[in-house]
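Shown next: work02.txt, given as compact mmCIF, C-alpha atoms.
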```
# COMPACT_ATOMS: atom_id res chain seq x y z
CA MET A 211 0.00 0.00 0.00
CA LYS A 212 2.84 2.38 0.80
CA LYS A 213 4.44 1.69 -2.59
CA ILE A 214 1.19 2.44 -4.41
CA THR A 215 0.76 5.69 -2.47
CA LEU A 216 4.35 6.69 -3.30
CA ILE A 217 3.81 6.03 -7.02
CA ILE A 218 0.64 8.16 -6.99
CA LEU A 219 2.43 11.03 -5.22
CA ILE A 220 5.36 10.92 -7.65
CA THR A 221 2.98 10.90 -10.62
CA LEU A 222 1.08 13.91 -9.25
CA LEU A 223 4.36 15.72 -8.60
CA PHE A 224 5.55 15.29 -12.17
CA THR A 225 2.24 15.79 -13.96
CA GLY A 226 0.82 18.62 -11.84
CA PHE A 227 -2.53 19.24 -10.15
CA THR A 228 -5.38 20.40 -12.41
CA PHE A 229 -8.49 19.82 -10.35
CA GLY A 230 -11.32 22.14 -11.41
CA GLN A 231 -9.25 23.82 -14.15
CA THR A 232 -9.65 23.77 -17.94
CA VAL A 233 -6.86 21.77 -19.55
CA TYR A 234 -5.53 22.62 -23.01
CA ASP A 235 -3.76 19.98 -25.10
CA ASP A 236 -0.09 20.63 -25.82
CA PRO A 237 1.67 18.93 -28.76
CA LEU A 238 3.15 15.47 -28.18
CA PHE A 239 6.91 15.17 -27.91
CA ALA A 240 7.38 12.98 -30.98
CA PRO A 241 10.40 13.84 -33.17
CA VAL A 242 9.93 12.61 -36.74
CA LEU A 243 12.38 9.77 -37.47
CA PRO A 244 12.45 8.29 -40.99
CA ASP A 245 13.21 4.72 -39.86
CA VAL A 246 10.07 4.75 -37.67
CA ILE A 247 7.64 6.72 -39.84
CA ALA A 248 8.60 4.74 -42.98
CA ARG A 249 7.25 1.56 -41.38
CA GLY A 250 3.91 3.21 -40.67
CA ASN A 251 4.97 4.46 -37.23
CA ALA A 252 4.49 0.89 -35.93
CA PHE A 253 7.41 0.38 -33.55
CA THR A 254 6.02 -0.37 -30.08
CA ALA A 255 6.80 -4.10 -29.99
CA SER A 256 10.16 -3.76 -31.78
CA ALA A 257 11.50 -0.60 -30.16
CA HIS A 258 15.29 -0.48 -29.92
CA GLY A 259 18.18 1.92 -30.29
CA TYR A 260 17.66 5.66 -30.74
CA GLY A 261 13.97 5.34 -31.61
CA ALA A 262 13.18 3.69 -28.26
CA LEU A 263 13.70 7.08 -26.56
CA PHE A 264 10.51 8.35 -28.22
CA THR A 265 8.38 5.20 -28.43
CA ASN A 266 8.92 2.54 -25.74
CA PRO A 267 11.53 2.59 -22.93
CA ALA A 268 11.33 -1.20 -22.68
CA GLY A 269 13.42 -1.17 -25.85
CA PHE A 270 16.45 0.01 -23.86
CA SER A 271 17.23 -3.66 -23.09
CA MET A 272 16.37 -5.04 -26.54
CA ALA A 273 19.04 -6.22 -28.98
CA ASP A 274 20.42 -3.78 -31.57
CA GLY A 275 21.27 -1.02 -29.12
CA SER A 276 23.35 1.89 -30.35
CA PHE A 277 25.53 4.84 -29.45
CA THR A 278 24.38 7.83 -31.48
CA LEU A 279 27.18 10.36 -31.47
CA LEU A 280 25.02 12.73 -33.52
CA SER A 281 21.69 12.42 -35.31
CA ALA A 282 20.28 15.19 -37.51
CA SER A 283 16.91 14.96 -39.24
CA ILE A 284 15.10 17.37 -41.55
CA ASN A 285 11.47 16.69 -42.38
CA PRO A 286 9.55 19.07 -44.68
CA TYR A 287 5.80 18.54 -44.48
CA PHE A 288 5.50 18.72 -48.23
CA ALA A 289 5.98 15.98 -50.81
CA PRO A 290 5.50 17.32 -54.37
CA ASN A 291 3.45 15.17 -56.73
CA GLU A 292 3.81 15.00 -60.49
CA GLU A 293 1.25 17.77 -61.02
CA ASN A 294 3.14 20.08 -58.64
CA ILE A 295 6.47 19.41 -60.33
CA ASN A 296 5.09 20.01 -63.83
CA GLY A 297 3.41 23.18 -62.61
CA PHE A 298 6.63 24.59 -61.16
CA ILE A 299 8.49 23.77 -64.41
CA GLU A 300 5.89 25.64 -66.45
CA ALA A 301 6.07 28.54 -63.99
CA PHE A 302 9.54 29.46 -65.29
CA ASP A 303 7.75 30.96 -68.32
CA ASP A 304 4.93 32.48 -66.29
CA PRO A 305 6.00 33.68 -62.79
CA THR A 306 2.44 34.69 -61.88
CA SER A 307 1.29 31.07 -62.20
CA ALA A 308 3.99 30.02 -59.71
CA ILE A 309 2.41 32.22 -57.05
CA ALA A 310 -1.01 30.69 -57.71
CA LEU A 311 0.44 27.17 -57.68
CA LEU A 312 2.30 27.77 -54.42
CA SER A 313 -0.89 29.10 -52.88
CA ASP A 314 -2.79 25.97 -53.97
CA VAL A 315 -0.13 23.68 -52.50
CA VAL A 316 -0.17 25.51 -49.15
CA VAL A 317 -3.98 25.39 -48.93
CA GLU A 318 -4.32 21.74 -49.99
CA ASN A 319 -1.35 20.21 -48.14
CA GLY A 320 -0.59 22.69 -45.39
CA ILE A 321 2.87 24.09 -44.73
CA GLY A 322 5.51 23.30 -42.15
CA ALA A 323 8.55 21.25 -41.25
CA ASN A 324 10.21 19.32 -38.45
CA ALA A 325 13.90 19.28 -37.59
CA ASN A 326 15.59 17.47 -34.75
CA THR A 327 19.06 16.63 -33.55
CA GLY A 328 20.29 14.51 -30.69
CA VAL A 329 22.93 12.39 -29.01
CA ALA A 330 22.12 9.17 -27.18
CA ILE A 331 23.30 5.93 -25.64
CA VAL A 332 20.66 3.19 -25.83
CA GLY A 333 21.35 -0.46 -25.05
CA LYS A 334 22.04 -3.05 -22.36
CA GLY A 335 19.18 -1.67 -20.28
CA LEU A 336 20.28 1.97 -20.34
CA GLY A 337 18.67 4.86 -22.19
CA LEU A 338 20.25 8.32 -22.11
CA GLY A 339 19.66 11.09 -24.61
CA ILE A 340 19.61 14.81 -25.24
CA VAL A 341 17.35 15.90 -28.10
CA ILE A 342 16.31 19.23 -29.61
CA ASP A 343 13.16 19.16 -31.72
CA ALA A 344 11.55 22.01 -33.70
CA ASP A 345 8.17 21.57 -35.33
CA SER A 346 5.88 23.88 -37.26
CA PHE A 347 2.69 23.31 -39.20
CA GLY A 348 -0.25 25.37 -40.37
CA GLY A 349 -2.92 25.86 -42.97
CA GLY A 350 -5.71 28.14 -44.08
CA ASP A 351 -8.25 28.88 -46.76
CA THR A 352 -5.69 31.07 -48.55
CA ALA A 353 -1.90 31.27 -48.49
CA LEU A 354 -1.89 34.71 -46.84
CA GLY A 355 -4.59 33.56 -44.44
CA THR A 356 -2.48 30.64 -43.22
CA GLU A 357 -1.86 30.35 -39.49
CA ILE A 358 1.08 28.34 -38.18
CA ASP A 359 1.82 26.68 -34.83
CA VAL A 360 5.53 26.68 -33.93
CA VAL A 361 6.93 24.47 -31.15
CA GLY A 362 10.55 24.03 -30.06
CA THR A 363 11.43 21.46 -27.39
CA ALA A 364 14.75 20.57 -25.77
CA ALA A 365 14.64 17.32 -23.81
CA ALA A 366 16.94 15.30 -21.59
CA ILE A 367 15.90 11.65 -21.20
CA ALA A 368 17.18 9.09 -18.71
CA GLY A 369 15.78 5.60 -18.22
CA LEU A 370 16.37 1.94 -17.45
CA SER A 371 14.99 -1.34 -18.71
CA PHE A 372 15.26 -4.78 -17.11
CA ASN A 373 15.09 -8.12 -18.89
CA PRO A 374 13.87 -10.93 -16.58
CA LYS A 375 13.24 -14.38 -18.04
CA LEU A 376 10.06 -16.33 -17.30
CA GLY A 377 10.36 -19.79 -18.81
CA PRO A 378 10.29 -19.38 -22.62
CA LEU A 379 9.37 -15.70 -22.28
CA SER A 380 11.88 -12.85 -22.35
CA ILE A 381 10.30 -9.83 -20.67
CA HIS A 382 11.53 -6.24 -20.96
CA LEU A 383 10.27 -3.73 -18.39
CA GLY A 384 11.38 -0.13 -18.81
CA GLY A 385 10.75 3.43 -17.78
CA ASP A 386 12.26 6.87 -18.18
CA ILE A 387 12.07 10.40 -16.88
CA ARG A 388 12.03 13.19 -19.46
CA TYR A 389 12.82 16.82 -18.63
CA MET A 390 11.69 19.31 -21.27
CA HIS A 391 12.02 23.01 -21.94
CA ARG A 392 9.54 24.21 -24.54
CA ILE A 393 9.00 27.42 -26.50
CA LYS A 394 5.90 27.79 -28.64
CA MET A 395 3.75 30.19 -30.61
CA ASP A 396 0.16 29.31 -31.52
CA ASN A 397 -1.87 30.48 -34.53
CA VAL A 398 0.78 32.79 -35.93
CA GLY A 399 -0.41 34.36 -39.18
CA VAL A 400 1.83 34.49 -42.24
CA ILE A 401 1.13 38.23 -42.46
CA ASP A 402 2.29 38.61 -38.83
CA LEU A 403 5.55 36.83 -39.64
CA MET A 404 6.11 39.06 -42.65
CA GLU A 405 5.51 42.12 -40.50
CA LEU A 406 7.88 40.85 -37.79
CA ALA A 407 10.61 40.17 -40.37
CA ASP A 408 10.17 43.70 -41.68
CA GLY A 409 10.82 45.18 -38.24
CA GLY A 410 7.19 45.59 -37.25
CA THR A 411 5.61 44.72 -33.92
CA PRO A 412 2.70 42.36 -34.52
CA GLU A 413 0.94 40.90 -31.49
CA ILE A 414 2.55 37.47 -31.21
CA SER A 415 2.80 35.80 -27.82
CA VAL A 416 5.65 33.44 -27.07
CA LEU A 417 5.07 30.84 -24.37
CA SER A 418 8.04 29.20 -22.66
CA GLY A 419 8.14 26.71 -19.84
CA ASN A 420 9.41 23.47 -18.33
CA ALA A 421 7.97 20.07 -17.53
CA PHE A 422 8.87 16.59 -16.31
CA ALA A 423 7.35 13.51 -17.96
CA ILE A 424 7.26 9.82 -17.08
CA ASP A 425 7.16 7.04 -19.70
CA LEU A 426 6.67 3.34 -19.00
CA GLY A 427 6.77 0.31 -21.26
CA THR A 428 7.00 -3.43 -21.65
CA ILE A 429 7.94 -5.85 -24.42
CA VAL A 430 7.41 -9.61 -24.21
CA GLU A 431 9.42 -11.81 -26.58
CA MET A 432 7.98 -15.25 -27.40
CA GLY A 433 10.30 -16.68 -30.02
CA SER A 434 9.56 -14.91 -33.29
CA LEU A 435 6.58 -13.06 -31.80
CA THR A 436 6.74 -9.92 -29.64
CA LEU A 437 4.04 -8.02 -27.78
CA GLY A 438 4.58 -4.45 -26.64
CA MET A 439 2.86 -1.65 -24.76
CA SER A 440 4.01 1.81 -23.75
CA VAL A 441 2.44 4.57 -21.71
CA ARG A 442 3.78 7.93 -22.78
CA ASP A 443 3.41 11.06 -20.60
CA LEU A 444 1.90 9.15 -17.69
CA GLY A 445 -1.06 11.08 -16.30
CA GLY A 446 -0.45 13.92 -18.76
CA THR A 447 2.61 16.18 -18.68
CA GLN A 448 1.93 19.73 -17.51
CA PHE A 449 4.04 22.69 -18.60
CA ILE A 450 4.41 25.73 -16.38
CA TYR A 451 4.42 28.52 -18.94
CA THR A 452 5.25 32.20 -18.95
CA SER A 453 4.22 34.52 -21.79
CA GLU A 454 6.19 37.24 -23.52
CA ASP A 455 5.64 39.40 -26.56
CA ALA A 456 7.67 38.19 -29.55
CA ALA A 457 8.91 41.66 -30.41
CA ASP A 458 10.22 42.03 -26.85
CA TYR A 459 11.33 38.44 -26.33
CA GLY A 460 14.35 37.94 -24.09
CA ASN A 461 14.07 41.24 -22.23
CA GLY A 462 12.67 39.69 -19.05
CA ASN A 463 9.14 41.02 -19.42
CA GLU A 464 7.38 37.65 -19.22
CA VAL A 465 4.22 37.09 -17.21
CA ALA A 466 2.90 33.87 -15.68
CA VAL A 467 0.27 31.93 -17.65
CA ASP A 468 -2.67 30.75 -15.57
CA ASP A 469 -4.06 28.39 -18.22
CA VAL A 470 -3.19 24.70 -17.86
CA TYR A 471 -1.32 23.13 -20.81
CA LYS A 472 -0.64 19.39 -20.85
CA ILE A 473 0.83 16.87 -23.24
CA PRO A 474 -1.93 14.26 -23.16
CA MET A 475 -1.14 10.74 -22.02
CA SER A 476 -1.00 8.13 -24.78
CA ILE A 477 -1.12 4.34 -24.64
CA ASN A 478 0.43 2.46 -27.54
CA THR A 479 0.07 -1.28 -28.03
CA GLY A 480 1.69 -3.42 -30.68
CA ILE A 481 2.55 -6.85 -31.97
CA GLY A 482 5.66 -7.77 -33.93
CA TYR A 483 6.73 -10.81 -35.92
CA HIS A 484 10.37 -11.52 -36.80
CA PRO A 485 10.61 -14.87 -38.58
CA ASP A 486 13.81 -16.86 -38.21
CA TRP A 487 15.05 -17.59 -41.72
CA GLY A 488 18.31 -19.15 -40.58
CA ALA A 489 21.19 -18.71 -43.00
CA LEU A 490 18.93 -16.78 -45.41
CA ALA A 491 18.65 -13.97 -42.85
CA PHE A 492 22.00 -12.67 -44.07
CA LEU A 493 20.40 -11.95 -47.46
CA ILE A 494 16.93 -10.87 -46.38
CA ASP A 495 15.61 -10.46 -42.83
CA PRO A 496 12.05 -9.06 -42.42
CA THR A 497 10.18 -7.77 -39.37
CA PHE A 498 6.44 -7.07 -39.37
CA ASN A 499 4.56 -4.80 -36.95
CA LEU A 500 0.99 -3.79 -36.16
CA ASP A 501 0.24 -0.99 -33.66
CA TYR A 502 -2.67 0.88 -32.20
CA HIS A 503 -2.04 4.29 -30.61
CA HIS A 504 -4.61 6.06 -28.43
CA VAL A 505 -4.09 9.62 -27.19
CA PHE A 506 -6.22 10.83 -24.28
CA TYR A 507 -6.91 14.36 -25.48
CA ALA A 508 -8.54 16.76 -23.02
CA ASP A 509 -10.50 18.27 -25.91
CA THR A 510 -12.87 15.34 -26.33
CA GLU A 511 -14.93 17.17 -28.96
CA ASN A 512 -12.05 16.76 -31.44
CA THR A 513 -10.96 13.23 -30.49
CA PRO A 514 -9.61 11.38 -33.55
CA SER A 515 -11.47 8.30 -34.82
CA PHE A 516 -10.35 4.72 -34.23
CA TRP A 517 -8.71 4.34 -37.65
CA THR A 518 -6.37 7.31 -37.11
CA GLY A 519 -4.69 5.21 -34.39
CA VAL A 520 -3.93 2.23 -36.62
CA HIS A 521 -0.34 1.73 -37.79
CA ALA A 522 1.26 -1.19 -39.63
CA GLY A 523 4.58 -1.73 -41.34
CA THR A 524 7.57 -3.83 -42.18
CA GLU A 525 11.33 -3.44 -42.25
CA ILE A 526 13.44 -5.76 -44.40
CA ARG A 527 17.18 -5.92 -43.86
CA VAL A 528 19.08 -6.71 -47.04
CA LEU A 529 22.68 -7.96 -46.78
CA ARG A 530 22.77 -6.67 -43.18
CA PHE A 531 23.63 -3.08 -44.14
CA MET A 532 20.58 -1.95 -46.16
CA LYS A 533 16.97 -1.65 -45.02
CA VAL A 534 13.79 -1.32 -47.04
CA ARG A 535 10.69 -0.13 -45.21
CA ALA A 536 6.98 0.26 -46.00
CA GLY A 537 3.79 0.69 -44.04
CA ILE A 538 0.33 2.08 -43.50
CA ASN A 539 0.15 5.16 -41.26
CA GLN A 540 -3.42 6.13 -40.30
CA GLY A 541 -4.65 4.74 -43.60
CA TYR A 542 -1.90 6.25 -45.78
CA ILE A 543 1.05 4.54 -47.48
CA THR A 544 4.58 5.16 -46.18
CA ALA A 545 7.90 3.97 -47.59
CA GLY A 546 11.61 4.42 -47.04
CA ILE A 547 15.12 3.07 -47.25
CA GLY A 548 18.19 3.12 -45.04
CA ALA A 549 21.84 2.15 -45.21
CA LYS A 550 24.62 1.93 -42.67
CA LEU A 551 28.24 2.00 -43.77
CA LEU A 552 30.60 1.64 -40.83
CA PHE A 553 29.45 4.43 -38.51
CA LEU A 554 27.46 6.48 -41.05
CA ASP A 555 23.73 5.79 -40.84
CA ILE A 556 21.43 7.36 -43.48
CA ASN A 557 17.64 6.95 -43.52
CA MET A 558 14.99 8.43 -45.82
CA ALA A 559 11.21 8.19 -45.86
CA TYR A 560 8.05 9.35 -47.59
CA PHE A 561 4.95 9.56 -45.39
CA THR A 562 1.46 10.92 -45.06
CA ARG A 563 -0.29 11.63 -41.76
CA GLU A 564 -3.84 12.60 -40.85
CA MET A 565 -4.29 16.08 -39.36
CA GLY A 566 -8.07 15.78 -39.00
CA GLU A 567 -10.36 13.71 -36.81
CA TYR A 568 -11.03 11.03 -39.42
CA ALA A 569 -8.82 9.20 -41.90
CA GLY A 570 -9.00 10.84 -45.32
CA VAL A 571 -10.23 14.22 -44.07
CA ASP A 572 -7.04 16.31 -43.90
CA PRO A 573 -3.95 14.41 -45.13
CA ASN A 574 -0.51 15.98 -44.97
CA SER A 575 2.37 14.42 -46.90
CA GLY A 576 6.05 14.89 -46.20
CA LEU A 577 9.60 13.68 -46.62
CA SER A 578 12.13 12.75 -43.97
CA LEU A 579 15.92 12.47 -44.02
CA GLU A 580 18.24 11.49 -41.17
CA VAL A 581 22.03 11.48 -41.24
CA ALA A 582 23.63 10.04 -38.13
CA ILE A 583 27.00 9.01 -36.77
CA ARG A 584 26.03 5.83 -35.02
CA PHE A 585 27.97 2.89 -33.58
```
Would you give me this structure, written as structure tokens?
Amino acid sequence: MKKITLIILITLLFTGFTFGQTVYDDPLFAPVLPDVIARGNAFTASAHGYGALFTNPAGFSMADGSFTLLSASINPYFAPNEENINGFIEAFDDPTSAIALLSDVVVENGIGANANTGVAIVGKGLGLGIVIDADSFGGGDTALGTEIDVVGTAAAIAGLSFNPKLGPLSIHLGGDIRYMHRIKMDNVGVIDLMELADGGTPEISVLSGNAFAIDLGTIVEMGSLTLGMSVRDLGGTQFIYTSEDAADYGNGNEVAVDDVYKIPMSINTGIGYHPDWGALAFLIDPTFNLDYHHVFYADTENTPSFWTGVHAGTEIRVLRFMKVRAGINQGYITAGIGAKLLFLDINMAYFTREMGEYAGVDPNSGLSLEVAIRF
């Protein structure tokens, strides 16, 4: 009973008290990684290496750990199709059509990008990492009417995973503590950004604050089959924000924010299948995954549908150094490749994600590239 009470007190300490207050959803801490998103973002039961820091801490004690001396990813939320490419080529002869085409692309696909960089040691039960992630995305009925959300997060992650054996079962039990500093701007208009760049003083509020998060996870290996579950941001992760005007940012004129902002808790479950092909595994070695992710948003009126939480994918190792990946992410096709030569690890992916409440309502396509020095 004392242990249960202690766990509850620790959880309340890290997640904050919000009784009787309105809670606003803050963006998840989920850096875009091409090796994960290319396989449909289905990674819970196979989490390992660098990606385990953002998916399932039980993966800290899985095989294929790594020391990432430096990882750098750039992920534009825009993947041009054939019509876009042909339109931009024709625009060389008619510059006015390029403006119209760019406006159409922004309205239909949205605009934004993600970039992240980090260093980490993950393996043999230990997970340590420092990661900086910057994310922006927005949309509107017109290009000039577009509003963008901008979020920058610096995180330090420390966790452990244990690997007890229970007969034929190999069980991985892990957890981590994540300290984050976040800076964000919500609903920033393109016109406001243009005015700010021109030396103007538009009314843009910058929120900045800190938070501690707790993540827990388990993976059970049963021969070629694995089952996984992770609880991210246990109880919801509350940020204590201050607000400051963007034009005056850094001058110490911030004020406390009374509103409650939380990263909502999410529970991810998954199943993986890694067939043992014996000697053939040197030539081709596949892994298959199926996940379901549920996020407990405070804004229940905009809760995504069941199908937006479905993820499935595969990764096929070819000749041990190359990987081919494909998947289904929230109903959309994803694909990618990766190669590791000595310590240089390069991964690329094409993906589409759902920004609306239902699959097929508001798709956003993008590209992802990671270059890492990894041992």
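Distance check against Thr562 in chain A using all atoms listed in the file: of A:Gly433, A:Gly328, A:Gly385, A:Gly250, the minimum falls on A:Gly250.
Closest approach to Thr447 in chain A from the set A:Met532, A:Met395, A:Leu500, A:Met390 is made by A:Met390, with distances taken over all atoms listed in the file.
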| said: So that I can see what lies close to Ile393 in chain A, please list as a PyMOL selection string the residues with an atom at most 12 Å from it, counting all atoms listed in the file and leaving out residues fewer than 6 positions away in the same chain. | reply: chain A and resi 236-237+342-346+359-365+415-421+449-454+456+459
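Each of A:Leu279, A:Ala508, A:Ala262, A:Ile387 was checked against Tyr471 in chain A using all atoms listed in the file; the smallest atom-to-atom distance is that of A:Ala508.
Between CA of Phe264 in chain A and CA of Phe561 in chain A there is a distance of 18.1 Å.
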| message | From (27.9, 9.0, -42.5), in the file's coordinates, out to 9 Å: which residues are reached, counting all atoms listed in the file? Answer as a list in words. | response | Lys550, Leu551, Leu552, Phe553, Leu554, Asp555, Ile556, Val581, Ala582, Ile583 and Arg584 of chain A
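Interatomic distance, CA of Asp468 in chain A to CA of Pro514 in chain A: 27.3 Å.
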Using all atoms listed in the file, what residues lie at most 9 Å away from (12.1, 10.4, -48.3) (file coordinates), given as a PDB file with C-alpha atoms, in the coordinates of the input?
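This is the output file part.pdb:
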```pdb
ATOM      1  CA  PRO A 244      12.450   8.290 -40.990  1.00  0.00           C
ATOM      2  CA  ALA A 248       8.600   4.740 -42.980  1.00  0.00           C
ATOM      3  CA  ASN A 285      11.470  16.690 -42.380  1.00  0.00           C
ATOM      4  CA  ALA A 289       5.980  15.980 -50.810  1.00  0.00           C
ATOM      5  CA  ALA A 545       7.900   3.970 -47.590  1.00  0.00           C
ATOM      6  CA  GLY A 546      11.610   4.420 -47.040  1.00  0.00           C
ATOM      7  CA  ILE A 547      15.120   3.070 -47.250  1.00  0.00           C
ATOM      8  CA  ASN A 557      17.640   6.950 -43.520  1.00  0.00           C
ATOM      9  CA  MET A 558      14.990   8.430 -45.820  1.00  0.00           C
ATOM     10  CA  ALA A 559      11.210   8.190 -45.860  1.00  0.00           C
ATOM     11  CA  TYR A 560       8.050   9.350 -47.590  1.00  0.00           C
ATOM     12  CA  PHE A 561       4.950   9.560 -45.390  1.00  0.00           C
ATOM     13  CA  GLY A 576       6.050  14.890 -46.200  1.00  0.00           C
ATOM     14  CA  LEU A 577       9.600  13.680 -46.620  1.00  0.00           C
ATOM     15  CA  SER A 578      12.130  12.750 -43.970  1.00  0.00           C
ATOM     16  CA  LEU A 579      15.920  12.470 -44.020  1.00  0.00           C
TER      17      LEU A 579
END
```
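The smallest atom-to-atom distance between Ser575 in chain A and any of A:Phe253, A:Phe270, A:Phe288, A:Phe239, using only C-alpha atoms, is found for A:Phe288.
Among the candidates A:Asn326, A:Thr254, A:Ser276, A:Asn397, the residue lying nearest to Gly348 in chain A is A:Asn397 (atoms considered: all atoms listed in the file).
With only C-alpha atoms as the atoms that count, the residue of A:Thr518, A:Ser271, A:Thr428, A:Ser434 with the shortest distance to Trp487 in chain A is A:Ser434.
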